[in-house]
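Peer 1: Coordinates in coords_18.txt, compact mmCIF, C-alpha atoms, are listed below.
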```
# COMPACT_ATOMS: atom_id res chain seq x y z
CA MET A 1 -28.39 -8.28 -34.29
CA ILE A 2 -28.43 -11.81 -32.83
CA GLN A 3 -29.47 -14.76 -34.96
CA PHE A 4 -30.34 -18.26 -33.69
CA MET A 5 -29.61 -21.32 -35.81
CA GLY A 6 -28.90 -25.02 -35.54
CA VAL A 7 -25.45 -26.30 -34.61
CA GLU A 8 -23.24 -26.94 -37.63
CA GLU A 9 -19.67 -28.20 -37.99
CA GLN A 10 -18.40 -24.67 -38.53
CA HIS A 11 -19.73 -23.63 -35.10
CA ILE A 12 -18.15 -26.33 -32.92
CA ARG A 13 -14.70 -24.74 -32.56
CA GLN A 14 -16.18 -21.43 -31.41
CA MET A 15 -18.49 -23.30 -29.02
CA ALA A 16 -15.43 -25.03 -27.57
CA VAL A 17 -13.81 -21.64 -26.98
CA LEU A 18 -16.89 -20.49 -25.04
CA LEU A 19 -16.89 -23.67 -22.93
CA ALA A 20 -13.15 -23.44 -22.21
CA LYS A 21 -13.49 -19.80 -21.16
CA ARG A 22 -16.45 -20.66 -18.95
CA HIS A 23 -14.41 -23.44 -17.34
CA GLU A 24 -11.55 -21.02 -16.73
CA ARG A 25 -13.93 -18.75 -14.84
CA GLU A 26 -15.34 -21.67 -12.83
CA ARG A 27 -11.84 -22.77 -11.83
CA LYS A 28 -11.28 -19.42 -10.14
CA PHE A 29 -13.88 -20.57 -7.60
CA PHE A 30 -13.13 -24.30 -7.74
CA PRO A 31 -9.41 -24.66 -8.52
CA TYR A 32 -9.53 -28.44 -8.10
CA PHE A 33 -11.54 -28.79 -11.34
CA PRO A 34 -9.43 -30.40 -14.13
CA ALA A 35 -7.26 -27.69 -15.69
CA GLU A 36 -7.01 -29.34 -19.12
CA PHE A 37 -10.50 -28.24 -20.13
CA GLU A 38 -9.33 -24.64 -20.27
CA GLU A 39 -7.67 -25.77 -23.51
CA PHE A 40 -9.85 -25.33 -26.58
CA ASP A 41 -8.98 -28.75 -28.01
CA GLU A 42 -9.99 -30.56 -24.81
CA ALA A 43 -13.25 -28.62 -24.58
CA GLU A 44 -13.97 -29.47 -28.21
CA THR A 45 -13.48 -33.18 -27.46
CA VAL A 46 -16.15 -32.95 -24.75
CA LEU A 47 -18.62 -31.21 -27.05
CA ARG A 48 -18.07 -33.65 -29.90
CA LYS A 49 -18.69 -36.56 -27.52
CA ILE A 50 -22.00 -35.01 -26.44
CA LEU A 51 -22.98 -34.42 -30.08
CA GLU A 52 -22.60 -38.16 -30.79
CA ARG A 53 -25.68 -38.95 -28.70
CA PRO A 54 -28.64 -40.14 -30.77
CA TYR A 55 -31.27 -37.70 -29.48
CA ILE A 56 -29.12 -34.60 -29.10
CA SER A 57 -29.80 -31.27 -30.77
CA GLY A 58 -28.87 -27.64 -30.19
CA ILE A 59 -28.82 -24.02 -31.24
CA VAL A 60 -26.20 -21.31 -31.39
CA ALA A 61 -26.54 -17.55 -31.01
CA VAL A 62 -24.56 -15.72 -33.69
CA ARG A 63 -23.69 -12.05 -34.02
CA GLY A 64 -22.17 -11.41 -37.42
CA ILE A 65 -19.92 -14.45 -37.86
CA ASP A 66 -19.18 -14.93 -34.17
CA VAL A 67 -20.85 -17.58 -32.00
CA ILE A 68 -21.68 -15.79 -28.74
CA GLY A 69 -23.63 -18.58 -27.06
CA TYR A 70 -24.91 -22.11 -27.49
CA LEU A 71 -27.42 -24.52 -25.97
CA LEU A 72 -27.30 -28.29 -26.45
CA TYR A 73 -30.23 -30.43 -25.34
CA GLU A 74 -31.22 -34.07 -25.33
CA PHE A 75 -34.69 -35.58 -25.55
CA LYS A 76 -35.26 -38.26 -22.93
CA GLU A 77 -37.96 -40.33 -21.26
CA SER A 78 -38.13 -41.98 -17.84
CA VAL A 79 -40.69 -43.48 -15.47
CA GLU A 80 -40.20 -40.63 -12.97
CA ARG A 81 -40.28 -37.68 -15.37
CA GLY A 82 -42.03 -38.95 -18.47
CA ARG A 83 -40.83 -37.12 -21.60
CA TYR A 84 -38.30 -34.44 -20.75
CA VAL A 85 -35.43 -32.35 -22.11
CA TRP A 86 -32.00 -32.77 -20.51
CA MET A 87 -29.17 -30.22 -20.60
CA ASP A 88 -25.80 -31.39 -19.30
CA TYR A 89 -23.25 -29.36 -17.36
CA GLU A 90 -21.30 -28.74 -20.57
CA SER A 91 -24.39 -28.00 -22.66
CA ILE A 92 -24.64 -24.24 -22.15
CA ALA A 93 -22.13 -21.40 -22.46
CA ILE A 94 -22.18 -17.74 -23.48
CA LYS A 95 -19.48 -15.21 -24.17
CA GLU A 96 -18.31 -13.48 -20.98
CA SER A 97 -18.99 -10.01 -22.40
CA GLU A 98 -22.63 -10.88 -23.16
CA HIS A 99 -25.44 -10.12 -20.73
CA PRO A 100 -26.66 -13.27 -18.93
CA ARG A 101 -30.05 -12.55 -20.47
CA LEU A 102 -28.71 -14.30 -23.57
CA LEU A 103 -29.34 -17.56 -21.72
CA ARG A 104 -33.05 -16.73 -21.59
CA LEU A 105 -33.10 -15.98 -25.29
CA LEU A 106 -31.46 -19.30 -26.13
CA TYR A 107 -33.88 -21.13 -23.86
CA ALA A 108 -36.91 -19.31 -25.28
CA ASP A 109 -35.92 -20.08 -28.86
CA ALA A 110 -35.24 -23.78 -28.28
CA GLY A 111 -37.96 -24.25 -25.66
CA ALA A 112 -40.72 -23.11 -28.00
CA GLU A 113 -40.12 -26.24 -30.09
CA TRP A 114 -39.90 -28.49 -27.03
CA VAL A 115 -43.26 -27.36 -25.73
CA LYS A 116 -44.81 -27.51 -29.19
CA ASN A 117 -43.81 -31.19 -29.35
CA GLY A 118 -45.04 -32.06 -25.86
CA TYR A 119 -41.84 -31.83 -23.82
CA PHE A 120 -43.07 -29.91 -20.78
CA HIS A 121 -40.37 -30.97 -18.30
CA HIS A 122 -36.94 -29.29 -18.64
CA VAL A 123 -33.91 -30.33 -16.58
CA MET A 124 -30.39 -28.87 -16.53
CA MET A 125 -27.07 -29.05 -14.70
CA VAL A 126 -25.99 -25.52 -13.76
CA PRO A 127 -22.48 -24.33 -12.74
CA LEU A 128 -22.40 -22.50 -9.41
CA GLY A 129 -19.33 -20.31 -9.95
CA ASP A 130 -21.33 -17.37 -11.36
CA ARG A 131 -24.37 -16.47 -9.27
CA LYS A 132 -25.71 -14.19 -12.02
CA ILE A 133 -26.11 -17.23 -14.25
CA VAL A 134 -27.95 -19.14 -11.53
CA ALA A 135 -30.21 -16.13 -10.99
CA GLU A 136 -31.18 -16.14 -14.68
CA TRP A 137 -32.47 -19.69 -14.42
CA LEU A 138 -34.28 -18.99 -11.16
CA ASP A 139 -35.97 -16.06 -12.90
CA GLN A 140 -37.11 -18.48 -15.60
CA SER A 141 -38.93 -20.51 -12.92
CA PHE A 142 -36.35 -23.28 -12.70
CA ARG A 143 -35.96 -24.71 -9.21
CA TYR A 144 -33.21 -26.54 -7.35
CA GLU A 145 -33.48 -30.35 -7.28
CA GLN A 146 -30.05 -31.74 -6.43
CA LYS A 147 -26.77 -30.21 -5.29
CA TYR A 148 -23.35 -31.63 -6.14
CA ALA A 149 -20.34 -30.83 -3.97
CA VAL A 150 -16.64 -31.53 -3.43
CA LEU A 151 -14.67 -31.98 -0.22
CA PRO A 152 -10.88 -31.51 -0.52
CA LEU A 153 -9.43 -34.06 1.89
CA LYS A 154 -6.32 -31.94 2.42
CA ASP A 155 -8.62 -29.52 4.28
CA PHE A 156 -10.18 -32.32 6.34
CA GLU A 157 -8.93 -32.91 9.86
CA PRO A 158 -10.65 -35.55 12.01
CA GLN A 159 -12.77 -33.88 14.66
CA THR A 160 -12.44 -34.70 18.33
CA LEU A 161 -15.82 -36.23 19.01
CA THR A 162 -17.28 -37.89 22.06
CA PRO A 163 -16.97 -41.66 21.55
CA LEU A 164 -20.31 -43.44 21.20
CA PRO A 165 -20.83 -46.52 23.37
CA ASN A 166 -19.94 -49.81 21.66
CA LEU A 167 -19.76 -48.22 18.19
CA VAL A 168 -17.22 -50.02 16.01
CA PHE A 169 -16.43 -49.75 12.31
CA ARG A 170 -15.53 -52.43 9.83
CA LYS A 171 -15.15 -52.91 6.10
CA GLY A 172 -18.07 -54.47 4.31
CA SER A 173 -17.80 -57.90 2.75
CA GLY A 174 -19.72 -60.21 0.46
CA GLU A 175 -21.62 -61.56 3.45
CA ASP A 176 -23.24 -58.18 4.13
CA GLY A 177 -25.73 -58.37 1.26
CA PRO A 178 -28.75 -59.14 3.49
CA LEU A 179 -27.76 -56.32 5.89
CA LEU A 180 -27.47 -53.79 3.08
CA LYS A 181 -30.82 -54.87 1.69
CA LYS A 182 -32.41 -54.07 5.07
CA MET A 183 -30.72 -50.65 5.15
CA ALA A 184 -31.56 -49.81 1.54
CA LEU A 185 -34.72 -47.84 2.28
CA TRP A 186 -33.48 -45.71 5.19
CA ASN A 187 -32.76 -42.75 2.92
CA SER A 188 -35.73 -43.25 0.61
CA ILE A 189 -38.26 -43.36 3.43
CA HIS A 190 -36.72 -40.28 5.03
CA GLN A 191 -36.88 -38.37 1.74
CA ALA A 192 -40.53 -39.24 1.27
CA SER A 193 -41.29 -37.28 4.46
CA ALA A 194 -41.60 -33.51 4.98
CA PRO A 195 -40.21 -31.25 3.66
CA SER A 196 -38.54 -33.33 0.93
CA TRP A 197 -41.64 -35.23 -0.24
CA LEU A 198 -39.72 -37.30 -2.78
CA PRO A 199 -42.05 -40.19 -3.66
CA ILE A 200 -40.89 -43.79 -3.42
CA THR A 201 -43.01 -46.52 -5.05
CA LYS A 202 -43.06 -50.22 -4.20
CA GLU A 203 -41.53 -51.03 -7.58
CA THR A 204 -38.68 -48.58 -6.98
CA MET A 205 -38.17 -49.98 -3.48
CA GLU A 206 -37.43 -53.44 -4.89
CA ASP A 207 -34.91 -52.01 -7.36
CA ILE A 208 -33.15 -50.08 -4.58
CA LYS A 209 -33.00 -53.16 -2.33
CA SER A 210 -31.45 -55.22 -5.13
CA SER A 211 -28.85 -52.57 -5.98
CA TYR A 212 -27.83 -52.21 -2.32
CA GLU A 213 -27.54 -55.96 -1.89
CA GLU A 214 -25.22 -56.11 -4.90
CA LEU A 215 -22.87 -53.54 -3.32
CA SER A 216 -21.51 -56.15 -0.92
CA ALA A 217 -20.10 -58.16 -3.82
CA ASP A 218 -18.74 -55.19 -5.78
CA GLY A 219 -14.97 -55.34 -5.65
CA ASP A 220 -14.68 -51.68 -6.68
CA ALA A 221 -16.68 -50.40 -3.71
CA TYR A 222 -15.16 -48.87 -0.59
CA LEU A 223 -17.78 -49.96 1.93
CA TRP A 224 -17.77 -49.35 5.68
CA LEU A 225 -20.38 -50.23 8.28
CA GLY A 226 -20.78 -48.95 11.82
CA GLN A 227 -22.22 -51.35 14.39
CA GLN A 228 -23.41 -51.17 17.97
CA GLY A 229 -23.53 -54.76 19.08
CA GLU A 230 -25.87 -56.61 16.72
CA ARG A 231 -27.42 -53.40 15.42
CA VAL A 232 -26.12 -51.61 12.32
CA ALA A 233 -25.72 -47.92 13.15
CA GLY A 234 -24.91 -46.69 9.65
CA PHE A 235 -22.95 -47.23 6.47
CA HIS A 236 -20.99 -45.36 3.78
CA VAL A 237 -20.12 -46.59 0.29
CA TYR A 238 -17.68 -44.94 -2.14
CA PHE A 239 -16.41 -45.55 -5.66
CA ARG A 240 -13.42 -44.11 -7.46
CA LYS A 241 -14.73 -41.30 -9.69
CA ALA A 242 -12.85 -41.58 -12.95
CA ASP A 243 -14.46 -39.79 -15.89
CA PRO A 244 -11.84 -38.39 -18.28
CA LEU A 245 -14.39 -36.05 -19.89
CA SER A 246 -15.87 -34.62 -16.68
CA LEU A 247 -15.27 -30.92 -16.07
CA VAL A 248 -16.23 -31.19 -12.38
CA ALA A 249 -14.52 -34.39 -11.21
CA PRO A 250 -11.15 -33.61 -9.57
CA MET A 251 -8.23 -35.94 -10.05
CA ASN A 252 -7.82 -38.76 -7.53
CA CYS A 253 -11.41 -38.47 -6.36
CA VAL A 254 -14.00 -40.82 -4.88
CA GLU A 255 -17.75 -40.44 -5.19
CA LEU A 256 -20.18 -41.00 -2.32
CA PRO A 257 -23.37 -42.43 -3.88
CA ALA A 258 -24.91 -43.67 -0.63
CA ALA A 259 -24.58 -43.07 3.11
CA SER A 260 -27.13 -43.36 5.88
CA THR A 261 -27.65 -43.57 9.62
CA ASN A 262 -30.06 -45.95 11.29
CA PRO A 263 -33.28 -43.90 11.73
CA ASP A 264 -33.48 -45.03 15.39
CA LEU A 265 -30.07 -43.48 16.07
CA ARG A 266 -30.34 -40.15 14.23
CA GLY A 267 -29.51 -37.07 16.24
CA LYS A 268 -27.05 -38.94 18.47
CA GLY A 269 -23.85 -38.10 16.56
CA VAL A 270 -23.52 -41.36 14.62
CA GLY A 271 -23.34 -39.58 11.25
CA LYS A 272 -20.48 -37.31 12.33
CA VAL A 273 -18.47 -40.16 13.85
CA MET A 274 -19.07 -42.32 10.78
CA ALA A 275 -17.98 -39.55 8.40
CA ASN A 276 -14.94 -38.84 10.58
CA TYR A 277 -13.88 -42.46 10.32
CA CYS A 278 -14.56 -42.95 6.59
CA PHE A 279 -12.93 -39.69 5.51
CA SER A 280 -9.83 -40.58 7.51
CA GLU A 281 -9.69 -44.02 5.90
CA LEU A 282 -10.06 -42.55 2.41
CA LYS A 283 -7.25 -40.12 3.16
CA LYS A 284 -5.08 -43.08 4.18
CA GLU A 285 -6.03 -44.79 0.90
CA GLY A 286 -4.45 -41.80 -0.87
CA PHE A 287 -7.54 -40.04 -2.22
CA ASP A 288 -7.55 -36.25 -2.42
CA TYR A 289 -11.24 -35.42 -2.94
CA ILE A 290 -14.75 -36.70 -2.21
CA PHE A 291 -17.64 -35.93 -4.55
CA ALA A 292 -21.16 -36.09 -3.10
CA ASP A 293 -24.69 -34.97 -3.91
CA TRP A 294 -27.99 -34.57 -2.09
CA HIS A 295 -31.63 -33.72 -2.76
CA SER A 296 -31.99 -30.00 -2.08
CA PRO A 297 -35.21 -30.20 -0.02
CA ASN A 298 -33.70 -32.94 2.19
CA HIS A 299 -33.10 -30.73 5.23
CA LEU A 300 -30.85 -33.23 7.05
CA ALA A 301 -28.48 -33.71 4.10
CA SER A 302 -28.53 -30.04 3.09
CA TYR A 303 -27.30 -29.14 6.57
CA PHE A 304 -25.04 -32.11 7.29
CA TRP A 305 -22.72 -32.31 4.26
CA PRO A 306 -21.85 -28.60 3.92
CA LYS A 307 -21.12 -28.50 7.66
CA LEU A 308 -18.50 -31.22 7.07
CA GLY A 309 -16.80 -29.01 4.47
CA PHE A 310 -18.43 -30.01 1.18
CA GLN A 311 -18.53 -27.08 -1.25
CA PRO A 312 -21.42 -27.09 -3.78
CA VAL A 313 -20.06 -26.80 -7.35
CA MET A 314 -23.15 -27.40 -9.49
CA VAL A 315 -26.87 -27.87 -9.11
CA ARG A 316 -29.51 -29.77 -11.00
CA MET A 317 -32.47 -27.53 -11.75
CA SER A 318 -35.80 -28.32 -13.35
CA ARG A 319 -38.94 -26.64 -14.60
CA GLN A 320 -42.36 -28.17 -15.22
CA ILE A 321 -44.40 -26.29 -17.83
CA ASP A 322 -48.19 -26.32 -17.39
CA PRO A 323 -49.28 -28.65 -20.24
CA ARG A 324 -52.43 -26.59 -20.79
CA ILE A 325 -50.22 -24.23 -22.78
CA SER A 326 -50.58 -26.69 -25.67
CA TRP A 327 -54.12 -25.40 -26.17
CA ALA A 328 -54.73 -22.46 -23.78
CA HIS A 329 -53.49 -19.34 -25.58
CA GLY A 330 -56.28 -16.98 -24.55
CA ARG A 331 -57.93 -17.07 -27.91
```
Give the structure from this file in structure tokens form.

Peer 2:
Amino acid sequence: MIQFMGVEEQHIRQMAVLLAKRHERERKFFPYFPAEFEEFDEAETVLRKILERPYISGIVAVRGIDVIGYLLYEFKESVERGRYVWMDYESIAIKESEHPRLLRLLYADAGAEWVKNGYFHHVMMVPLGDRKIVAEWLDQSFRYEQKYAVLPLKDFEPQTLTPLPNLVFRKGSGEDGPLLKKMALWNSIHQASAPSWLPITKETMEDIKSSYEELSADGDAYLWLGQQGERVAGFHVYFRKADPLSLVAPMNCVELPAASTNPDLRGKGVGKVMANYCFSELKKEGFDYIFADWHSPNHLASYFWPKLGFQPVMVRMSRQIDPRISWAHGR
């Protein structure tokens, strides 16, 4: 018999064991994940850090005295989503010998309270090493939103590509703020079109422009621009990804938060040449991995990055519950 109950101090060690074992299984598919989180103590550190958050809660599934699964969740609010429940990459694990259906039971037990209190939007970060686990969430009407992937630079070899006329590359500088501000909306406008249909408001546009403009003065950014004469053909920006509690960030890794090609030049090979150049430069800088993500319905990104060798390692999934359930029970 399985019982569900709130997370207590006595449960955390067993939860850490489940997370460490899950990480061990994930590393069979993605060996560049940090090995230290296969240790119970390290996994426990991660869980305790999550449990320090002010709006975090959770449940455990217990058989006898053994914790066989857990689900941690955080109540959040944003302009884009409204009130929603967030489940991190480390927030869910079940015992390997249990049927994946246990995930549904955990979700059903916790989710009943979420919906009762008006949290109709549920978002989670899902590991991709076990397709049976992904299938469980798809069966619960979760959908893909964003994919996260890793490129091992040891496997990257610059391609022999046809040179593009007058295309030159240079490092960005503090004087490039106005240029970056002009380029800021290239991706957003593309993603607002079919079949991505990711809305972009005027208020959000101004925030994006400001953040891009600030990149030029950020001393931690690895910024490259491609130019054809006076015209900017594209840009890439990277940051060192250093999160000591991340289970998915490889050592000596950079993250690619933004890259784009001039919309007037798409389809002409600029993106490939730009990636070729930037990846080679990062390899020279001594980095071993690149971490990137893209909106799943963005057909250009979903095709482009995997073709360059990026391997998806996790996915953000979401589910929107019909709010009529708060009153429509068929009675």

Peer 1: Within 7 Å of region 274-283 of chain A, counting only C-alpha atoms, which residues show up once you throw out same-chain ones fewer than 6 positions away? Write them as JSON, numbers by chain, please.

Peer 2: {"A": [153, 158, 159, 226]}

Peer 1: Would you pick out the contacts of Arg27 (chain A) at 12 Å or less, using only C-alpha atoms, so that residues sharing its chain but fewer than 5 positions from it are not included, and give the list as a ChimeraX atom specification?

Peer 2: /A:20-22,32-38,127-130,247-250,313

Peer 1: Would you kindly return, as a list in words, each protein, DNA or RNA residue with an atom no farther than 12 Å from any atom of Val79 (chain A), considering only C-alpha atoms and excluding same-chain residues fewer than 6 positions away?

Peer 2: Thr201, Glu203 and Thr204 of chain A

Peer 1: Just the residues within 12 Å of Ser246 (chain A), please, counting all atoms listed in the file, with nothing from its chain fewer than 4 positions along; format it as a count of residues only.

Peer 2: 21

Peer 1: Skipping near chain neighbours, those fewer than 5 positions away, what residues fall within 9 Å of Trp186 (chain A) using all atoms listed in the file, listed as a PyMOL selection string?

Peer 2: chain A and resi 191+260-263

Peer 1: Between A:Leu256, A:Leu198, A:Leu308, A:Ala108, which residue has the minimum interatomic distance to Gly271 (chain A), considering all atoms listed in the file?

Peer 2: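 Once distances to Gly271 (chain A) are computed over all atoms listed in the file, the minimum belongs to A:Leu308.
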
Peer 1: As an exercise, work out the distance from CA of Leu164 (chain A) to CA of Pro297 (chain A) in Å and give it to one decimal place.

Peer 2: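 Atom-to-atom, CA of Leu164 (chain A) and CA of Pro297 (chain A) are spaced 29.1 Å apart.
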